Each structure stands twice: as structure tokens, then as C-alpha cells.
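Student: So that you have it, the file is target-v9.cif, and it contains mmCIF, C-alpha atoms:
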```cif
data_structure
loop_
_atom_site.label_atom_id
_atom_site.label_comp_id
_atom_site.auth_asym_id
_atom_site.auth_seq_id
_atom_site.Cartn_x
_atom_site.Cartn_y
_atom_site.Cartn_z
CA MET D 1 26.52 178.20 -69.06
CA ALA D 2 29.27 177.15 -66.74
CA GLY D 3 32.41 178.79 -65.49
CA PHE D 4 35.28 178.07 -63.20
CA ALA D 5 37.97 179.99 -61.43
CA ALA D 6 40.54 179.13 -58.80
CA TRP D 7 40.89 180.79 -55.44
CA THR D 8 42.03 180.15 -51.88
CA LEU D 9 39.95 180.33 -48.72
CA PHE D 10 40.80 179.86 -45.06
CA ARG D 11 39.09 177.81 -42.37
CA ASP D 12 40.41 176.64 -38.98
CA GLY D 13 43.89 177.80 -39.94
CA LEU D 14 43.80 175.58 -43.06
CA LYS D 15 43.83 176.86 -46.58
CA PHE D 16 41.76 175.29 -49.27
CA GLY D 17 41.54 175.92 -52.96
CA CYS D 18 38.45 175.77 -55.07
CA LEU D 19 37.88 175.15 -58.72
CA GLY D 20 34.48 176.78 -58.96
CA LEU D 21 32.13 175.02 -61.30
CA VAL D 22 28.50 175.58 -62.07
CA LEU D 23 26.81 172.62 -63.71
CA ALA D 24 23.16 172.17 -64.55
CA VAL D 25 22.85 168.40 -64.42
CA SER D 26 19.90 166.35 -63.26
CA LEU D 27 20.72 162.68 -62.99
CA GLY D 28 18.29 161.48 -60.30
CA ARG D 29 18.70 157.78 -59.58
CA SER D 30 16.97 155.49 -57.15
CA VAL D 31 18.78 153.26 -54.72
CA SER D 32 19.18 149.77 -56.14
CA ALA D 33 18.25 146.86 -53.95
CA GLN D 34 20.89 144.86 -55.82
CA SER D 35 23.66 147.23 -54.74
CA PRO D 36 23.36 147.79 -50.98
CA LEU D 37 25.10 150.87 -49.71
CA PRO D 38 27.68 150.74 -46.92
CA GLU D 39 26.43 151.97 -43.56
CA PRO D 40 26.64 155.79 -43.51
CA ILE D 41 29.07 157.65 -41.27
CA PRO D 42 28.99 161.27 -40.05
CA TYR D 43 30.82 163.92 -42.05
CA THR D 44 31.03 167.69 -41.56
CA THR D 45 31.45 169.62 -44.81
CA PHE D 46 33.80 172.52 -45.38
CA ASP D 47 30.70 174.72 -44.95
CA ARG D 48 29.95 173.16 -41.55
CA VAL D 49 26.97 171.09 -42.71
CA GLU D 50 26.46 167.81 -40.86
CA LEU D 51 25.88 164.86 -43.20
CA ARG D 52 25.80 161.10 -43.15
CA LEU D 53 27.59 159.62 -46.16
CA HIS D 54 28.47 156.14 -47.35
CA PRO D 55 32.20 155.25 -47.24
CA TYR D 56 33.90 153.61 -50.21
CA PRO D 57 37.58 153.12 -49.38
CA SER D 58 40.21 152.89 -52.10
CA GLU D 59 43.92 152.33 -51.74
CA HIS D 60 44.71 155.94 -50.80
CA LEU D 61 41.38 157.70 -50.22
CA VAL D 62 38.03 157.14 -48.58
CA TRP D 63 35.27 158.36 -50.89
CA LEU D 64 32.12 159.44 -49.03
CA LEU D 65 29.04 159.28 -51.24
CA PRO D 66 25.41 160.29 -50.67
CA ASP D 67 22.47 157.97 -51.29
CA GLY D 68 22.44 156.74 -54.89
CA ASP D 69 22.67 153.71 -57.11
CA TRP D 70 26.44 153.46 -56.82
CA GLN D 71 27.57 150.04 -57.94
CA ARG D 72 30.91 149.05 -56.50
CA SER D 73 31.93 147.29 -59.69
CA ARG D 74 31.45 150.56 -61.56
CA LEU D 75 33.05 152.70 -58.88
CA ASP D 76 36.21 150.65 -58.52
CA PRO D 77 37.78 151.55 -61.91
CA ILE D 78 37.22 155.26 -61.22
CA LEU D 79 38.69 155.02 -57.75
CA ALA D 80 41.64 153.08 -59.14
CA VAL D 81 42.46 155.80 -61.69
CA VAL D 82 42.43 158.48 -58.99
CA ASP D 83 44.62 156.23 -56.81
CA ARG D 84 47.14 156.05 -59.64
CA ALA D 85 47.15 159.84 -59.82
CA TYR D 86 47.62 159.99 -56.05
CA GLU D 87 50.68 157.75 -56.34
CA PHE D 88 52.03 159.91 -59.16
CA TYR D 89 51.79 163.01 -56.97
CA GLU D 90 53.29 161.20 -53.98
CA GLN D 91 56.30 160.05 -55.95
CA ALA D 92 56.74 163.38 -57.74
CA VAL D 93 56.77 165.56 -54.61
CA ALA D 94 58.30 162.95 -52.25
CA GLY D 95 55.65 163.42 -49.61
CA GLN D 96 52.00 163.21 -48.62
CA PRO D 97 49.40 165.77 -47.53
CA THR D 98 49.36 166.54 -43.81
CA PRO D 99 46.56 164.49 -42.19
CA TYR D 100 43.73 166.74 -40.97
CA PRO D 101 41.56 164.84 -38.47
CA ALA D 102 38.26 166.07 -39.91
CA THR D 103 39.20 164.86 -43.39
CA THR D 104 41.04 161.64 -42.55
CA ARG D 105 39.62 158.15 -42.02
CA ASP D 106 41.52 154.92 -41.58
CA ARG D 107 44.76 156.78 -42.33
CA ARG D 108 43.42 157.89 -45.70
CA GLY D 109 42.35 161.30 -46.88
CA ILE D 110 38.62 161.84 -47.42
CA LEU D 111 37.05 162.76 -50.74
CA ALA D 112 33.44 163.67 -49.99
CA VAL D 113 30.64 164.14 -52.51
CA VAL D 114 28.32 166.88 -51.26
CA ALA D 115 25.47 169.06 -52.46
CA LYS D 116 27.33 172.32 -51.91
CA THR D 117 30.95 173.30 -51.52
CA CYS D 118 33.04 176.34 -52.47
CA GLY D 119 32.73 175.35 -56.13
CA GLY D 120 32.53 172.20 -58.19
CA GLY D 121 35.52 170.94 -56.26
CA CYS D 122 37.58 172.08 -53.29
CA GLY D 123 40.76 170.76 -51.74
CA TYR D 124 42.67 171.77 -48.64
CA ILE D 125 46.09 173.11 -49.55
CA GLY D 126 48.84 170.88 -48.22
CA SER D 127 46.42 168.78 -46.14
CA THR D 128 43.97 165.94 -46.64
CA GLY D 129 40.43 166.77 -47.66
CA ILE D 130 38.62 167.11 -51.00
CA GLU D 131 34.98 167.82 -51.75
CA LEU D 132 33.16 167.39 -55.06
CA LYS D 133 29.68 168.62 -55.84
CA ILE D 134 27.18 165.83 -56.37
CA ASP D 135 26.24 167.07 -59.84
CA TYR D 136 29.85 166.90 -60.92
CA PHE D 137 30.36 163.45 -59.42
CA LYS D 138 27.32 162.11 -61.27
CA VAL D 139 28.83 163.35 -64.53
CA LEU D 140 32.11 161.66 -63.59
CA TYR D 141 30.33 158.39 -62.77
CA GLU D 142 28.11 158.33 -65.85
CA THR D 143 30.79 159.47 -68.30
CA TYR D 144 33.18 156.73 -67.29
CA GLN D 145 30.52 154.07 -67.80
CA LYS D 146 29.72 155.36 -71.28
CA THR D 147 33.13 156.29 -72.68
CA GLY D 148 35.87 155.19 -70.30
CA GLU D 149 36.95 158.83 -69.99
CA ILE D 150 37.78 160.34 -66.61
CA GLU D 151 36.55 163.80 -65.68
CA THR D 152 39.71 165.24 -64.18
CA LEU D 153 38.59 167.46 -61.31
CA PRO D 154 39.58 164.93 -58.60
CA ILE D 155 43.07 164.73 -60.13
CA TYR D 156 43.28 168.52 -60.17
CA GLU D 157 42.17 168.78 -56.53
CA LEU D 158 44.91 166.35 -55.52
CA GLY D 159 47.21 169.14 -56.65
CA ARG D 160 45.78 171.22 -53.82
CA ASN D 161 46.46 168.54 -51.23
CA PHE D 162 49.99 167.90 -52.52
CA TRP D 163 51.09 171.55 -52.54
CA LEU D 164 53.17 170.81 -49.46
CA LYS D 165 54.58 173.33 -47.01
CA THR D 166 58.11 172.98 -48.36
CA TYR D 167 56.99 174.19 -51.81
CA THR D 168 55.09 177.10 -50.29
CA GLN D 169 58.29 178.12 -48.51
CA LYS D 170 60.39 177.91 -51.67
CA LEU D 171 58.10 179.22 -54.41
CA ASP D 172 55.09 181.19 -53.14
CA TYR D 173 55.04 184.87 -54.03
CA GLN D 174 54.87 187.19 -51.04
CA GLU D 175 51.94 189.52 -50.42
CA PRO D 176 50.76 191.79 -51.90
CA ASP D 177 51.81 189.76 -54.95
CA SER D 178 49.41 187.00 -56.05
CA ASN D 179 50.20 183.79 -54.16
CA LYS D 180 47.66 181.77 -56.16
CA THR D 181 49.72 181.97 -59.36
CA VAL D 182 52.23 179.30 -58.41
CA ARG D 183 50.20 177.08 -56.06
CA THR D 184 47.29 176.89 -58.50
CA GLY D 185 49.68 176.65 -61.42
CA PHE D 186 51.14 173.58 -59.73
CA ALA D 187 47.72 171.88 -59.73
CA ALA D 188 47.11 172.87 -63.37
CA PHE D 189 50.48 171.52 -64.51
CA MET D 190 50.40 168.36 -62.41
CA ARG D 191 46.95 167.41 -63.66
CA LEU D 192 48.24 167.50 -67.24
CA GLU D 193 51.47 165.76 -66.30
CA ALA D 194 49.59 162.95 -64.53
CA LEU D 195 47.32 162.45 -67.53
CA ASP D 196 50.31 162.22 -69.88
CA VAL D 197 52.55 160.02 -67.74
CA LEU D 198 49.77 157.65 -66.66
CA ASN D 199 48.12 157.62 -70.09
CA ILE D 200 44.71 158.54 -68.67
CA THR D 201 41.99 159.45 -71.16
CA PRO D 202 40.39 162.67 -69.91
CA GLY D 203 36.76 163.63 -70.32
CA SER D 204 35.52 166.87 -71.83
CA VAL D 205 35.31 170.21 -70.04
CA TYR D 206 31.70 171.42 -70.26
CA GLY D 207 31.30 169.73 -73.62
CA THR D 208 34.63 171.02 -74.91
CA PRO D 209 37.06 168.19 -75.71
CA PHE D 210 39.88 168.13 -73.20
CA GLU D 211 42.53 168.50 -75.90
CA ILE D 212 40.95 171.77 -76.97
CA TYR D 213 41.08 172.92 -73.35
CA ARG D 214 44.75 171.90 -73.23
CA GLN D 215 45.47 173.75 -76.48
CA ASP D 216 43.77 176.90 -75.22
CA LEU D 217 45.76 176.72 -71.99
CA ARG D 218 48.97 176.52 -73.97
CA SER D 219 47.83 179.33 -76.26
CA LEU D 220 48.03 181.67 -73.27
CA LEU D 221 51.80 181.53 -73.64
CA TRP D 222 51.67 182.27 -77.35
CA ARG D 223 49.43 185.27 -76.72
CA TYR D 224 51.70 186.42 -73.93
CA GLN D 225 54.85 186.19 -76.03
CA ALA D 226 53.25 188.04 -78.94
CA ASP D 227 52.07 191.00 -76.83
CA ARG D 228 55.15 192.97 -75.75
CA THR D 229 53.06 195.03 -73.32
CA LEU D 230 52.62 191.91 -71.17
CA THR D 231 55.28 191.13 -68.59
CA TRP D 232 55.69 189.02 -65.47
CA GLN D 233 54.86 192.16 -63.50
CA ASN D 234 51.39 192.70 -64.97
CA THR D 235 50.43 189.03 -65.36
CA LEU D 236 51.85 186.39 -63.05
CA ARG D 237 52.78 188.77 -60.27
CA SER D 238 49.37 190.41 -60.29
CA GLY D 239 47.31 187.29 -60.98
CA GLN D 240 46.27 188.31 -64.51
CA ALA D 241 46.51 186.59 -67.89
CA PRO D 242 45.91 187.35 -71.58
CA ALA D 243 42.33 187.19 -72.81
CA ASN D 244 41.46 183.73 -74.09
CA ARG D 245 38.77 182.11 -76.20
CA LEU D 246 37.60 179.66 -73.56
CA CYS D 247 36.83 182.46 -71.15
CA ALA D 248 35.11 184.60 -73.77
CA GLU D 249 33.07 181.83 -75.41
CA GLN D 250 32.74 178.97 -72.94
CA ARG D 251 33.08 180.80 -69.63
CA ILE D 252 35.92 178.44 -68.74
CA CYS D 253 38.20 181.14 -67.42
CA ILE D 254 41.85 180.13 -67.35
CA GLY D 255 44.22 182.73 -65.98
CA ALA D 256 47.63 183.46 -64.49
CA PRO D 257 48.09 179.97 -62.95
CA GLU D 258 47.46 178.36 -66.33
CA LEU D 259 49.90 180.80 -67.96
CA TRP D 260 52.51 179.72 -65.40
CA ALA D 261 51.69 176.08 -66.18
CA ALA D 262 51.95 176.77 -69.94
CA MET D 263 55.47 178.12 -69.46
CA LEU D 264 56.44 175.01 -67.53
CA LEU D 265 54.96 172.77 -70.22
CA GLU D 266 56.97 174.64 -72.84
CA ILE D 267 60.20 174.05 -70.92
CA ARG D 268 59.37 170.40 -70.41
CA ASP D 269 58.62 169.83 -74.09
CA ARG D 270 61.62 171.80 -75.31
CA TYR D 271 64.29 170.42 -72.99
CA SER D 272 62.94 167.18 -71.49
CA PRO D 273 60.39 165.74 -73.91
CA ASN D 274 58.68 162.44 -73.19
CA ASP D 275 60.40 162.17 -69.82
CA PRO D 276 58.10 160.50 -67.26
CA ASP D 277 60.57 161.45 -64.52
CA PHE D 278 60.51 165.19 -65.26
CA ALA D 279 58.17 166.16 -62.40
CA ARG D 280 60.06 164.13 -59.82
CA ARG D 281 63.39 165.67 -60.83
CA LEU D 282 61.92 169.17 -60.91
CA TRP D 283 60.35 169.09 -57.45
CA ALA D 284 63.52 167.51 -56.02
CA ALA D 285 65.47 170.50 -57.36
CA VAL D 286 62.93 172.88 -55.80
CA ARG D 287 63.29 171.19 -52.40
CA ASP D 288 67.04 171.86 -52.52
CA ARG D 289 66.50 175.61 -52.78
CA PRO D 290 66.51 177.86 -49.68
CA ASP D 291 63.29 179.25 -48.26
CA ALA D 292 62.23 182.40 -50.11
CA ARG D 293 61.91 185.57 -48.03
CA SER D 294 60.68 187.66 -50.94
CA THR D 295 58.90 187.26 -54.26
CA GLN D 296 62.19 187.83 -56.10
CA ALA D 297 63.80 185.05 -54.06
CA ALA D 298 60.92 182.73 -55.04
CA VAL D 299 61.43 183.67 -58.71
CA ASP D 300 65.16 182.99 -58.38
CA ASN D 301 64.47 179.59 -56.79
CA TRP D 302 62.17 178.64 -59.64
CA ILE D 303 64.53 179.57 -62.46
CA ILE D 304 67.53 177.91 -60.80
CA ALA D 305 65.55 174.72 -60.13
CA LEU D 306 64.51 174.58 -63.78
CA CYS D 307 68.09 175.16 -64.95
CA GLN D 308 69.23 172.28 -62.75
CA THR D 309 66.41 170.01 -63.91
CA THR D 310 67.00 170.60 -67.61
CA GLN D 311 70.78 171.15 -67.31
CA ARG D 312 70.30 174.22 -69.51
CA ASP D 313 70.85 177.95 -69.12
CA LEU D 314 67.29 179.31 -69.05
CA ALA D 315 68.01 182.80 -67.73
CA TRP D 316 67.85 184.27 -71.25
CA LEU D 317 64.48 182.62 -71.90
CA PHE D 318 62.92 184.05 -68.76
CA GLU D 319 64.44 187.51 -69.16
CA ASP D 320 64.49 188.15 -72.92
CA VAL D 321 61.50 186.12 -74.13
CA TRP D 322 59.17 185.91 -71.16
CA ARG D 323 60.08 189.25 -69.55
CA TRP D 324 60.63 188.00 -66.00
CA PRO D 325 62.89 189.78 -63.47
CA VAL D 326 66.08 187.71 -63.52
CA SER D 327 68.64 188.59 -60.86
CA ASP D 328 72.37 188.85 -61.51
CA ARG D 329 72.86 185.92 -59.15
CA VAL D 330 70.63 183.68 -61.30
CA LYS D 331 72.46 184.77 -64.43
CA ARG D 332 75.80 183.82 -62.90
CA LEU D 333 74.59 180.44 -61.71
CA SER D 334 72.89 179.61 -64.98
CA ARG D 335 76.07 180.16 -67.02
CA GLN D 336 77.40 176.79 -65.87
CA PHE D 337 74.86 175.19 -68.19
CA PRO D 338 74.71 175.35 -71.99
CA ARG D 339 71.82 176.96 -73.80
#
```
What would you get if you wrote out this structure as C-alpha cells?
Tutor:
Amino acid sequence: MAGFAAWTLFRDGLKFGCLGLVLAVSLGRSVSAQSPLPEPIPYTTFDRVELRLHPYPSEHLVWLLPDGDWQRSRLDPILAVVDRAYEFYEQAVAGQPTPYPATTRDRRGILAVVAKTCGGGCGYIGSTGIELKIDYFKVLYETYQKTGEIETLPIYELGRNFWLKTYTQKLDYQEPDSNKTVRTGFAAFMRLEALDVLNITPGSVYGTPFEIYRQDLRSLLWRYQADRTLTWQNTLRSGQAPANRLCAEQRICIGAPELWAAMLLEIRDRYSPNDPDFARRLWAAVRDRPDARSTQAAVDNWIIALCQTTQRDLAWLFEDVWRWPVSDRVKRLSRQFPR
């Protein structure tokens, strides 16, 4: 049985997020004489383990792989898909992760495949550096060869790297409120947005078809709306979410960040459907907001940015339907737009 959850850890003044995964996969392969590996280079993992891994550069990343029968002709299509996702993030947020020397090579961020990390995948928040567990990478590699589907954890972890400082300053909730709700919600939303805009076929999640995972993520909002005891205060602010089937049956535990993402997906589909430019316009509106000195200021920034992106008055939706704290200032500003 496998499970995942998102959290944030600190190391050397850098934050990194983890999507914890537990996979029981045994895909032992021997090194092929027909596919010589690049000369290994030193790499120090997030857990301070010294390794020597084989570099496979792509357009935007350097993938570091352990010994294995990795055929470049089979790797290249996978690396190309992740490069496309990288470009989608870069264009959407108008920036790149801050280069961190330990996770940068040849001016590219490093994506290292390792035996152990903080979960199935980890990514520094706002900086270069991603790690994937070897078991997960083998599933990614084998699945693509068989079905052409992409296991989406690398695309999700890019959402960690691309949560840039400017968005932290505008949107992060202030302690003691849960700061993982928005930053992890960003990764959850942007993974889905990248898949849709780039027309990427995603692989399953622990044997569950990805579309069922997507539906269960969106069902968090339906459950939230139906239960009048649930509010922003006791869910998103506190890092909690309604009970969901995936967590109960599959141990794939989606929570407050996915609820936040589900709300954003609802707004996108209702007011800006089939718009490949939605993410770029949204994050541009966020960048125009002032830095938030409180959680309420971050909430205000978010609602105003969404009103500007959709050109609609959304204050009523957040206050009356979704039970968020909407300030009088936001109500005044939102009145310039029609419902």
C-alpha cells in the first residue's frame, strides 16, 4: 500500500517540499554493453549522502542517474516532456528557480535519481534541485516505454522549484497559519494545468487512473461546499481538508493544498475555460499585488488577482459560497467587475 503527503523541510537555509511516496517496485536491470553510460560525476543528496551518478543533460535540466540499462533513445522523449513542462512553468511565472550551487550543473538545475530522499520526490522551494527515488524513476521509465504515459511527479516537483520568492511574499499565509496550503496548492494546480495545456498523457497514480485522481481532487470542493460546518478557517487556514475516498481506500491522501487547487480549477473552468494563457495572466496579476504582511492580506491579494484575471466580481463566491474571510476593501474593488 502506498501513500503520499506534502510537507516542507529546511536545509542550509533552503526550503524543500516533498511528495512522500512509498512504492514496492523491483525492476532490477543489468548494465547494457550496447548502451554505455556517461562518466559518473559526484553528487551530494539532500540527506548528505555522497554518490557518483551519470549525467544526462536535457534542454533545461541535468538528470543524474545511477547505474542501469538507461538507453538514451528511450530517455530522450521523457526528458523532452519534462522540458516542455519546465518551459510552461517558466512562461507562466515569468521567472526561473534561483540557482543553488549544489543542485546546478552547466547552468541547469539538477534532477537526481537516488535510493532515498524525503519521499518519492523532493524539490527545493524557489531554487534548483529535485530528487526522485529510484523505484519511482524505474516506473516512470518503464511505463513510458509501454504506454507512452508520463508519471507526473517530476512535473509536480517543478512546481516546488518555480514557487518563486515573489509569490511567497504575495500569497503565503503567515504563521501560525498553514503556509503549505498555497505553495503546495500551486504545485498541485500547475501540474494539472501543464498536463492540460501541453496535452500530456499522464500515467496512473498507484494503479488508479489519473483521471480518477483528478476527479477525486475536484470532489474535495464539492464535499466542502456541501458541508456548511467547513470554512476557510478550519480547512485551508489550518491545513485540513474534507475526508476523501482516495485517502480512505488508496492511501493517496490529498488535503488542503488540493482543495485550494480545486477552487482555482473551478474558477478557471467557470470564467476562463479552455484558455491556455490563464496561468500566465493569473500569476502576472499576483505579481502586481503588494507584499502581504498578514494572512488576511495574502487572502485579499489572491481574491483581487483572480478578479482581475477573470474580469469578474468573485467576492460573493469566496464569501457566500466558499466561506472565506473577504475584507471590505476587496468587496469595494471587486464591484468594478460584473458577476
Student: Kindly give the distance, in Å, that separates atom CA of Ile110 of chain D and atom CA of Leu64 of chain D, rounded to a single decimal.
Tutor: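 Atom-to-atom, atom CA of Ile110 of chain D to atom CA of Leu64 of chain D, that is 7.1 Å.
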Student: If I take atom CA of Ala194 of chain D and atom CA of Pro55 of chain D, how far is one from the other in Å, to one decimal?
Tutor: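 Computed distance, atom CA of Ala194 of chain D to atom CA of Pro55 of chain D, equals 25.7 Å.
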Student: Residue by residue, what does the PyMOL selection byres ((chain D and resi 284-301) around 6) grab here? Present the result as a PyMOL selection string.
Tutor: chain D and resi 169-171+173-174+281-283+302-305
Student: Quick one, how far is atom CA of Tyr141 of chain D from atom CA of Arg160 of chain D?
Tutor: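 For atom CA of Tyr141 of chain D relative to atom CA of Arg160 of chain D, the distance reads 22.0 Å.
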Student: What lies within 10 Å of Ile155 of chain D using only C-alpha atoms, ignoring chain neighbours under 2 positions off, as a VMD selection string?
Tutor: chain D and resid 81 to 86 89 150 to 153 157 to 160 187 to 188 190 to 192 194 to 195
